[in-house]
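Here is the structure we will look at, set down as structure tokens.
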Amino acid sequence: MSYIPAIECNVREFIAFTGAGMLENGKSVFVGTGLPMIAGILAQKTHAPNLLIIFEAGGVGPILPELPISVGQSLTCHRGVAASSMHDVMASCQAGFIDYGFLGGAQIDMYGNINTTCIGDHNLPKVRLPGSGGANDIASFANKTIIIAASQSKRTFVNKLDFLTSPGYLDGPGAREKAGLPLSTGPYRVITQLATYGFDENTKQMKLISLHPGVSLEEVQDNCSFDMLIPEKYTISPEPSEKDLHILRKEIDPTGIMIGK
Amino acid sequence: MSYIPAIECNVREFIAFTGAGMLENGKSVFVGTGLPMIAGILAQKTHAPNLLIIFEAGGVGPILPELPISVGQSLTCHRGVAASSMHDVMASCQAGFIDYGFLGGAQIDMYGNINTTCIGDHNLPKVRLPGSGGANDIASFANKTIIIAASQSKRTFVNKLDFLTSPGYLDGPGAREKAGLPLSTGPYRVITQLATYGFDENTKQMKLISLHPGVSLEEVQDNCSFDMLIPEKYTISPEPSEKDLHILRKEIDPTGIMIGK
Amino acid sequence: MEVLYEGLGQLIGWHDPDENREYVLHNKSRELKDKTMTANQAVGKFIKDGDFIASGGFGHVRVSMNIIYEILRQQKRNLIMAGKTAVHDLDILVGNGCVDRVEVAYSFGHEIRGLSPASRRMVESGKCRVVAETSNAGYQWRFLAGMLGIPFLPSRNLMGTDTAKYSSCKVVKDPFSGKLINLIPAAYPDVAFIHVHRCDIYGNCQIDGILVEDFELARCARKLIITTEQIISSDVIRTEPWKTVIPFYFVDGVVEQRYGSHPCEMHGEYFFDEEHIAEWLDLSKTDDGVKKYSGKYIYGVEDFGEYIELCGGEKKMFFLKERQAMRVSLITPWRK
Amino acid sequence: MEVLYEGLGQLIGWHDPDENREYVLHNKSRELKDKTMTANQAVGKFIKDGDFIASGGFGHVRVSMNIIYEILRQQKRNLIMAGKTAVHDLDILVGNGCVDRVEVAYSFGHEIRGLSPASRRMVESGKCRVVAETSNAGYQWRFLAGMLGIPFLPSRNLMGTDTAKYSSCKVVKDPFSGKLINLIPAAYPDVAFIHVHRCDIYGNCQIDGILVEDFELARCARKLIITTEQIISSDVIRTEPWKTVIPFYFVDGVVEQRYGSHPCEMHGEYFFDEEHIAEWLDLSKTDDGVKKYSGKYIYGVEDFGEYIELCGGEKKMFFLKERQAMRVSLITPWRK
């Protein structure tokens, strides 16, 4: 781990906490399994009790007695407000009812485009990855997309993706609109083990917002193949409180399956 | 009544019986309220026990303890195989799962086109009628459409419709295909108080199949504004048996709400 | 995308999908909050003159009549209505001058009970205009496209007819099949009102029996008023989430109104009030009759509860429940 | 309809809507008849080499694994599979050489459990080809268009990406909004298999919990095999017709198979068998391991019942039921 938090916690806990902090009360979030789900639940248990969690396979607004390990699992509609279908939730997503979506990726570029399809040539890839899943849908439709990349490096923060699976700002300002994607959508934040980034309003390029505690600017730049925009003003990322960690460890993921021990 | 049946029955009973006879066992039929529904049930109770009855509002395959008076009524899914939605049944209809559909109309032309929209000018009609309802859908999608016109006359069998609501063969051979409608669809039979008609394979014009008992060729021609095709061979329409009438009167419509007393 | 044929009908309730997303972003709350109110408040708050409105249910089945009567009582004007097999609701709204434009799939009739004297008179005298024609599936697909947030849905009906000519559809060549295909524009009604069997205070709704078009309509309406036979606890909703047909985030207002669909039918609850429908069909043959009906059932009462009393109250409702359970025979007082 | 952009992906399972209507007319029976058969019979009768196949459910949830294992046992070859968040099913079919082409939304992974060594190896060595890319919504909409009997469904995703480039979509200008719109082609899989909680001998099916894409998939598949935990009487189906998700006329064969989704999850019934999945994930790291797994669980048994016995029988299933009811803790033997 590259950062030194005041309270001892691991990278995944820090990322989950950081993601949770971005979610607003009274808004909706499309979550996948793992850290996004944990971020959503942590937000609900802290500042956003009225956060609506929706799963792409049809589970809507569940009350979760334990952490689901799949987005289609029965638990995703456990005491939910609806147990519906992909038809229903993907339609709602396209129609603009989803405020936040989470994405991960093997590669990410300066415009927040993401590769989850393959490394190497598509026809005979060096590494075949699972593909879009719901990622292209979230990246196209969610009002704000949050990207989680737990292992930022020159290999993952690249100049050119091997495959552009899910759209960030494509090749820059106006490109999403020109491609036909819904207006007022696109990547909002990127969270890595080193820092939190946003996107420059004008250039749509990735830009530092805050360094995680103990991380240096050099570390950010050394772990990035493209030129990361560094504004004059940036901050240090807020840290989880003992209470946050207690909720994460004792209530949300007591077996440590997602956040580790 | 213009015809003289061997067994005393009224026009509506005769038409319901005639319609029932056209429905095959193991096929599906989209029915509206009234005579179509009665025809469907009579077919089920006689030669086509395995006829699947579907209602446009979502009722599928009900077992009817009494006659529904509306196509959306609860009864339409009473002990049905499904209580679904218009989305479901209209999709199935477009995808080709509906074999038979019934239509009625204020005006009909030689190609089996139907008007249920207005008499006079559309913008300020002399008589405003209900419009398509599901009729255009049935006429577009059902494999075979059966038209029921209980009061054939020069006024109803016209040369030119005031408004073409639902497609028959439009202006002749190939016109449906050219318009973009599904292949192998279109009007199959027309049942009136006088006779049963089909459509000529080549010209797609209406053509006599059988005269109802006691009806003369002159009556058919006198009650039609266009030139009805009269083939060399035509027959006399089969008549309901006492058993058929008993089922109609005692089992299907004991209050006589649809078939009259 | 060359348009080969274009209907002349007015394009009602269509919005650019991005514009509608913007509306959804700012106006549709994803917050679980108590939305209960009276019909009077709901109509006052959500429906304004000139709006494009749509009823849930189908024909005389599960229509939110308590909202219809409140619209009449508040004398809303210049409304455009979705004639999606709209019968009694449309007939009294047109007949009383609230609705002056209709997009028609099925309107101006009472199905088997006959044509609608009042609304037909308005159309035939030019006081109500039919601004577009479509079919039942056509309307269903307008709502489906709206729900999906796409500008149109392809379909293979309507083409070749005057219904298409007076519709708002466009015909193009499908690049996959090379055949013609009809593009049905999305619809986003300004306000829809749907009557359900039960929901919680947030608007999570359960409907018994067929859904007709309400799954789609609830999801495309810009404002959605739910009226319900009964408000139940959220706990019950969450026990069987698969029964939720409309989740709360599509809902703007919740009105509890027992018998709220009268004189229409409610699955498992009560039958059509054929006497009431017959009374309207008879009175509405003349303008005076329409006034008489309105004076009695609309302006003569404070709210829907009083209206139900006037229609025979619990005694009548008991009869309609018995009828629905088929323990008493059908009566058809509108038969000639 | 000028196509402005066209994906290079292979168009799998598309048919001209008229051609598909012709298929439906002659091959989909609307007759209520007993369709029960064994998995062996169903796979033998309905699935042939080279077919385009699709699983119901989602990921490791409610997948008809008893059909998957039977396909393996009958050594079907050259199948194309819908990678619609297909995980264990796709992994063992690709890993064992039955499926050699995939249209990918999500494939070659086991979600949180990690990537799939076996099927990835096949792709990375060129033995299995990815013939097209899409997304989860993209697949869902292929099925929705198929169900609707239309050639394509418009959508606003995929555009601007390599996913679109390798898809079978076409981008055109929407004549309503003037903006670009993506046209997603309909899909009609040759065969789909969907595991349900209960159905009658005719194939009227009830599913508990989320439906995922099965409503649409059931309606667009050319042949549909239903496998069910339990066959119930038609009388029960008709008592609550609103629970019927798939009516009989979409169904070609009905196979009763208790625990038929193992090692996947079944809502309200049993949990993922994490030990079994872990065993596969471990063995499938090598070709020899894949052979070992197949020898034991596929060719070493006569049918799915014997396979369940081999996996631990009723004792294991009892544990998985307890796990599903959250009375015992989650185990994750695949964790490093």
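The chains in the structure tokens are called A, B, ... from first to last as shown; in each chain the residues are counted from 1, and the ligands are counted from 1 in the order shown.
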Extract the full set of helix (DSSP H, G or I) residues from segment 41-211 of chain C according to DSSP on the backbone, and format it as a ChimeraX atom specification. /C:41-46,65-73,88-95,111-113,117-124,136-148,162-165
Members of segment 79-182 of chain A assigned strand (DSSP E or B) by DSSP, as a compact mmCIF listing (two decimals) with all heavy atoms, in the first residue's frame:
# COMPACT_ATOMS: atom_id res chain seq x y z
N ALA A 82 -38.92 -4.00 -5.13
CA ALA A 82 -39.38 -4.75 -6.31
C ALA A 82 -38.37 -5.83 -6.67
O ALA A 82 -37.17 -5.67 -6.46
CB ALA A 82 -39.59 -3.81 -7.50
N ALA A 83 -38.87 -6.94 -7.18
CA ALA A 83 -38.04 -7.99 -7.77
C ALA A 83 -38.45 -8.04 -9.22
O ALA A 83 -39.46 -8.63 -9.57
CB ALA A 83 -38.29 -9.33 -7.09
N SER A 85 -37.00 -7.17 -13.49
CA SER A 85 -36.30 -7.81 -14.61
C SER A 85 -35.27 -6.86 -15.20
O SER A 85 -35.27 -5.66 -14.93
CB SER A 85 -37.32 -8.17 -15.69
OG SER A 85 -37.88 -6.98 -16.22
N TYR A 100 -26.12 7.28 -10.22
CA TYR A 100 -24.72 6.86 -10.12
C TYR A 100 -24.54 5.43 -10.61
O TYR A 100 -25.41 4.59 -10.40
CB TYR A 100 -24.24 6.93 -8.66
CG TYR A 100 -24.21 8.33 -8.11
CD1 TYR A 100 -25.29 8.83 -7.38
CD2 TYR A 100 -23.10 9.13 -8.32
CE1 TYR A 100 -25.27 10.13 -6.88
CE2 TYR A 100 -23.07 10.44 -7.82
CZ TYR A 100 -24.16 10.93 -7.11
OH TYR A 100 -24.12 12.20 -6.62
N GLY A 101 -23.43 5.20 -11.26
CA GLY A 101 -23.07 3.84 -11.62
C GLY A 101 -21.60 3.65 -11.32
O GLY A 101 -20.82 4.62 -11.33
N PHE A 102 -21.22 2.41 -11.02
CA PHE A 102 -19.81 2.11 -10.75
C PHE A 102 -19.23 1.25 -11.86
O PHE A 102 -19.90 0.35 -12.36
CB PHE A 102 -19.68 1.32 -9.44
CG PHE A 102 -19.75 2.18 -8.21
CD1 PHE A 102 -20.92 2.23 -7.45
CD2 PHE A 102 -18.67 2.92 -7.80
CE1 PHE A 102 -20.99 3.01 -6.30
CE2 PHE A 102 -18.73 3.70 -6.65
CZ PHE A 102 -19.90 3.75 -5.90
N LEU A 103 -17.99 1.50 -12.21
CA LEU A 103 -17.30 0.67 -13.18
C LEU A 103 -15.90 0.33 -12.68
O LEU A 103 -15.30 1.10 -11.94
CB LEU A 103 -17.13 1.43 -14.51
CG LEU A 103 -18.37 1.81 -15.28
CD1 LEU A 103 -17.95 2.50 -16.57
CD2 LEU A 103 -19.19 0.58 -15.60
N GLN A 107 -7.94 -1.59 -18.06
CA GLN A 107 -7.22 -0.41 -18.56
C GLN A 107 -8.17 0.78 -18.56
O GLN A 107 -9.37 0.63 -18.80
CB GLN A 107 -6.75 -0.64 -20.00
CG GLN A 107 -5.73 -1.73 -20.20
CD GLN A 107 -5.36 -1.89 -21.67
OE1 GLN A 107 -6.18 -1.68 -22.56
NE2 GLN A 107 -4.11 -2.27 -21.92
N ILE A 108 -7.60 1.94 -18.30
CA ILE A 108 -8.38 3.18 -18.37
C ILE A 108 -7.50 4.24 -19.03
O ILE A 108 -6.29 4.24 -18.83
CB ILE A 108 -8.85 3.60 -16.96
CG1 ILE A 108 -9.56 4.96 -16.99
CG2 ILE A 108 -7.71 3.63 -15.96
CD1 ILE A 108 -10.25 5.29 -15.68
N ILE A 114 -12.82 2.85 -20.81
CA ILE A 114 -12.44 1.66 -20.06
C ILE A 114 -12.38 0.42 -20.94
O ILE A 114 -13.20 0.25 -21.85
CB ILE A 114 -13.44 1.46 -18.90
CG1 ILE A 114 -13.09 2.44 -17.78
CG2 ILE A 114 -13.44 0.04 -18.38
CD1 ILE A 114 -14.00 2.34 -16.62
N ASN A 115 -11.42 -0.42 -20.64
CA ASN A 115 -11.29 -1.71 -21.32
C ASN A 115 -11.53 -2.84 -20.33
O ASN A 115 -10.79 -2.98 -19.36
CB ASN A 115 -9.89 -1.84 -21.94
CG ASN A 115 -9.65 -3.21 -22.55
OD1 ASN A 115 -10.58 -3.98 -22.78
ND2 ASN A 115 -8.39 -3.52 -22.82
N CYS A 118 -10.33 -7.17 -23.63
CA CYS A 118 -9.17 -8.01 -23.94
C CYS A 118 -7.87 -7.21 -23.89
O CYS A 118 -7.88 -6.00 -24.07
CB CYS A 118 -9.32 -8.66 -25.32
SG CYS A 118 -9.49 -7.48 -26.67
N ILE A 119 -6.78 -7.92 -23.66
CA ILE A 119 -5.45 -7.35 -23.79
C ILE A 119 -4.86 -8.01 -25.04
O ILE A 119 -4.93 -9.23 -25.20
CB ILE A 119 -4.57 -7.68 -22.56
CG1 ILE A 119 -5.24 -7.19 -21.27
CG2 ILE A 119 -3.17 -7.07 -22.71
CD1 ILE A 119 -5.45 -5.70 -21.14
N VAL A 127 -4.81 -11.75 -23.43
CA VAL A 127 -5.68 -12.04 -22.28
C VAL A 127 -7.12 -11.72 -22.67
O VAL A 127 -7.42 -10.59 -23.07
CB VAL A 127 -5.30 -11.18 -21.05
CG1 VAL A 127 -6.21 -11.52 -19.87
CG2 VAL A 127 -3.83 -11.38 -20.68
N ARG A 128 -7.99 -12.70 -22.56
CA ARG A 128 -9.41 -12.43 -22.81
C ARG A 128 -10.07 -12.13 -21.47
O ARG A 128 -10.00 -12.90 -20.52
CB ARG A 128 -10.07 -13.64 -23.45
CG ARG A 128 -11.59 -13.49 -23.63
CD ARG A 128 -11.98 -12.39 -24.62
NE ARG A 128 -13.23 -11.74 -24.22
CZ ARG A 128 -13.99 -11.02 -25.05
NH1 ARG A 128 -13.65 -10.86 -26.33
NH2 ARG A 128 -15.07 -10.44 -24.59
N LYS A 144 -23.97 9.94 -13.54
CA LYS A 144 -22.57 10.09 -13.12
C LYS A 144 -21.96 8.71 -12.93
O LYS A 144 -22.47 7.90 -12.16
CB LYS A 144 -22.49 10.85 -11.79
CG LYS A 144 -22.93 12.31 -11.88
CD LYS A 144 -22.90 12.97 -10.51
CE LYS A 144 -23.26 14.45 -10.64
NZ LYS A 144 -23.30 15.12 -9.32
N THR A 145 -20.85 8.48 -13.60
CA THR A 145 -20.18 7.18 -13.48
C THR A 145 -18.93 7.31 -12.61
O THR A 145 -18.13 8.22 -12.81
CB THR A 145 -19.77 6.67 -14.87
OG1 THR A 145 -20.94 6.60 -15.68
CG2 THR A 145 -19.16 5.29 -14.77
N ILE A 146 -18.81 6.41 -11.66
CA ILE A 146 -17.62 6.39 -10.79
C ILE A 146 -16.80 5.16 -11.14
O ILE A 146 -17.31 4.05 -11.17
CB ILE A 146 -18.04 6.33 -9.30
CG1 ILE A 146 -18.90 7.56 -8.95
CG2 ILE A 146 -16.81 6.24 -8.39
CD1 ILE A 146 -19.61 7.45 -7.60
N ILE A 147 -15.52 5.40 -11.44
CA ILE A 147 -14.64 4.31 -11.83
C ILE A 147 -13.74 3.92 -10.67
O ILE A 147 -13.13 4.79 -10.04
CB ILE A 147 -13.78 4.73 -13.04
CG1 ILE A 147 -14.70 5.09 -14.23
CG2 ILE A 147 -12.80 3.62 -13.43
CD1 ILE A 147 -13.99 5.85 -15.34
N ILE A 148 -13.74 2.64 -10.36
CA ILE A 148 -12.85 2.15 -9.30
C ILE A 148 -11.72 1.35 -9.94
O ILE A 148 -11.97 0.42 -10.71
CB ILE A 148 -13.63 1.27 -8.30
CG1 ILE A 148 -14.59 2.16 -7.47
CG2 ILE A 148 -12.68 0.51 -7.38
CD1 ILE A 148 -15.41 1.41 -6.44
N ALA A 149 -10.50 1.77 -9.69
CA ALA A 149 -9.34 1.07 -10.25
C ALA A 149 -8.35 0.89 -9.11
O ALA A 149 -7.57 1.79 -8.81
CB ALA A 149 -8.73 1.88 -11.38
N PHE A 157 -3.20 2.57 -16.33
CA PHE A 157 -3.56 3.93 -16.76
C PHE A 157 -2.79 4.22 -18.03
O PHE A 157 -1.65 4.68 -17.98
CB PHE A 157 -3.22 4.93 -15.65
CG PHE A 157 -4.34 5.10 -14.66
CD1 PHE A 157 -4.96 3.98 -14.11
CD2 PHE A 157 -4.79 6.36 -14.26
CE1 PHE A 157 -6.00 4.12 -13.19
CE2 PHE A 157 -5.82 6.49 -13.34
CZ PHE A 157 -6.43 5.38 -12.81
N SER A 166 -16.17 0.47 -22.74
CA SER A 166 -17.22 1.33 -22.20
C SER A 166 -16.79 2.79 -22.32
O SER A 166 -15.66 3.13 -22.02
CB SER A 166 -17.48 0.99 -20.74
OG SER A 166 -17.88 -0.37 -20.63
Which polymer residues have any atom within 12 Å of an atom of Ser234 of chain C, counting only C-alpha atoms, with same-chain residues fewer than 4 positions away left out, as a list of chain:residue names? A:Arg79, A:Gly80, A:Val81, A:Ala82, C:Leu32, C:Lys33, C:Asp34, C:Arg198, C:Cys199, C:Asp200, C:Ile201, C:Tyr202, C:Gly203, C:Asn204, C:Cys205, C:Gln206, C:Arg238, C:Thr239, C:Glu240, C:Pro241, C:Thr244, C:Pro247, C:Phe248
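Minimum distance to chain A across C:Lys170, C:Arg142, C:Arg219, C:Lys84 (counting only C-alpha atoms) occurs at C:Arg219.
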Using only C-alpha atoms, which chain A residues lie at most 7 Å away from chain D, written as a count of residues only? 38
Using 6 Å as the limit and counting only C-alpha atoms, can you tabulate each residue of chain C that touches chain D, with its shortest atom-to-atom distance in Å and the two atoms involved, as a tab-separated table?
residue	atom	partner	partner_atom	distance
C:Met1	CA	D:Met1	CA	3.5
C:Glu2	CA	D:Met1	CA	4.9
C:Asp16	CA	D:Ser177	CA	5.8
C:Lys173	CA	D:Met1	CA	5.5
C:Ser177	CA	D:Asp16	CA	5.8
C:Gly209	CA	D:Trp242	CA	5.9
C:Trp242	CA	D:Gly209	CA	5.9
For Ser153 of chain B, the nearest of the candidates B:Leu229, B:Cys224, B:Ile41, B:Val190, counting only C-alpha atoms: B:Cys224
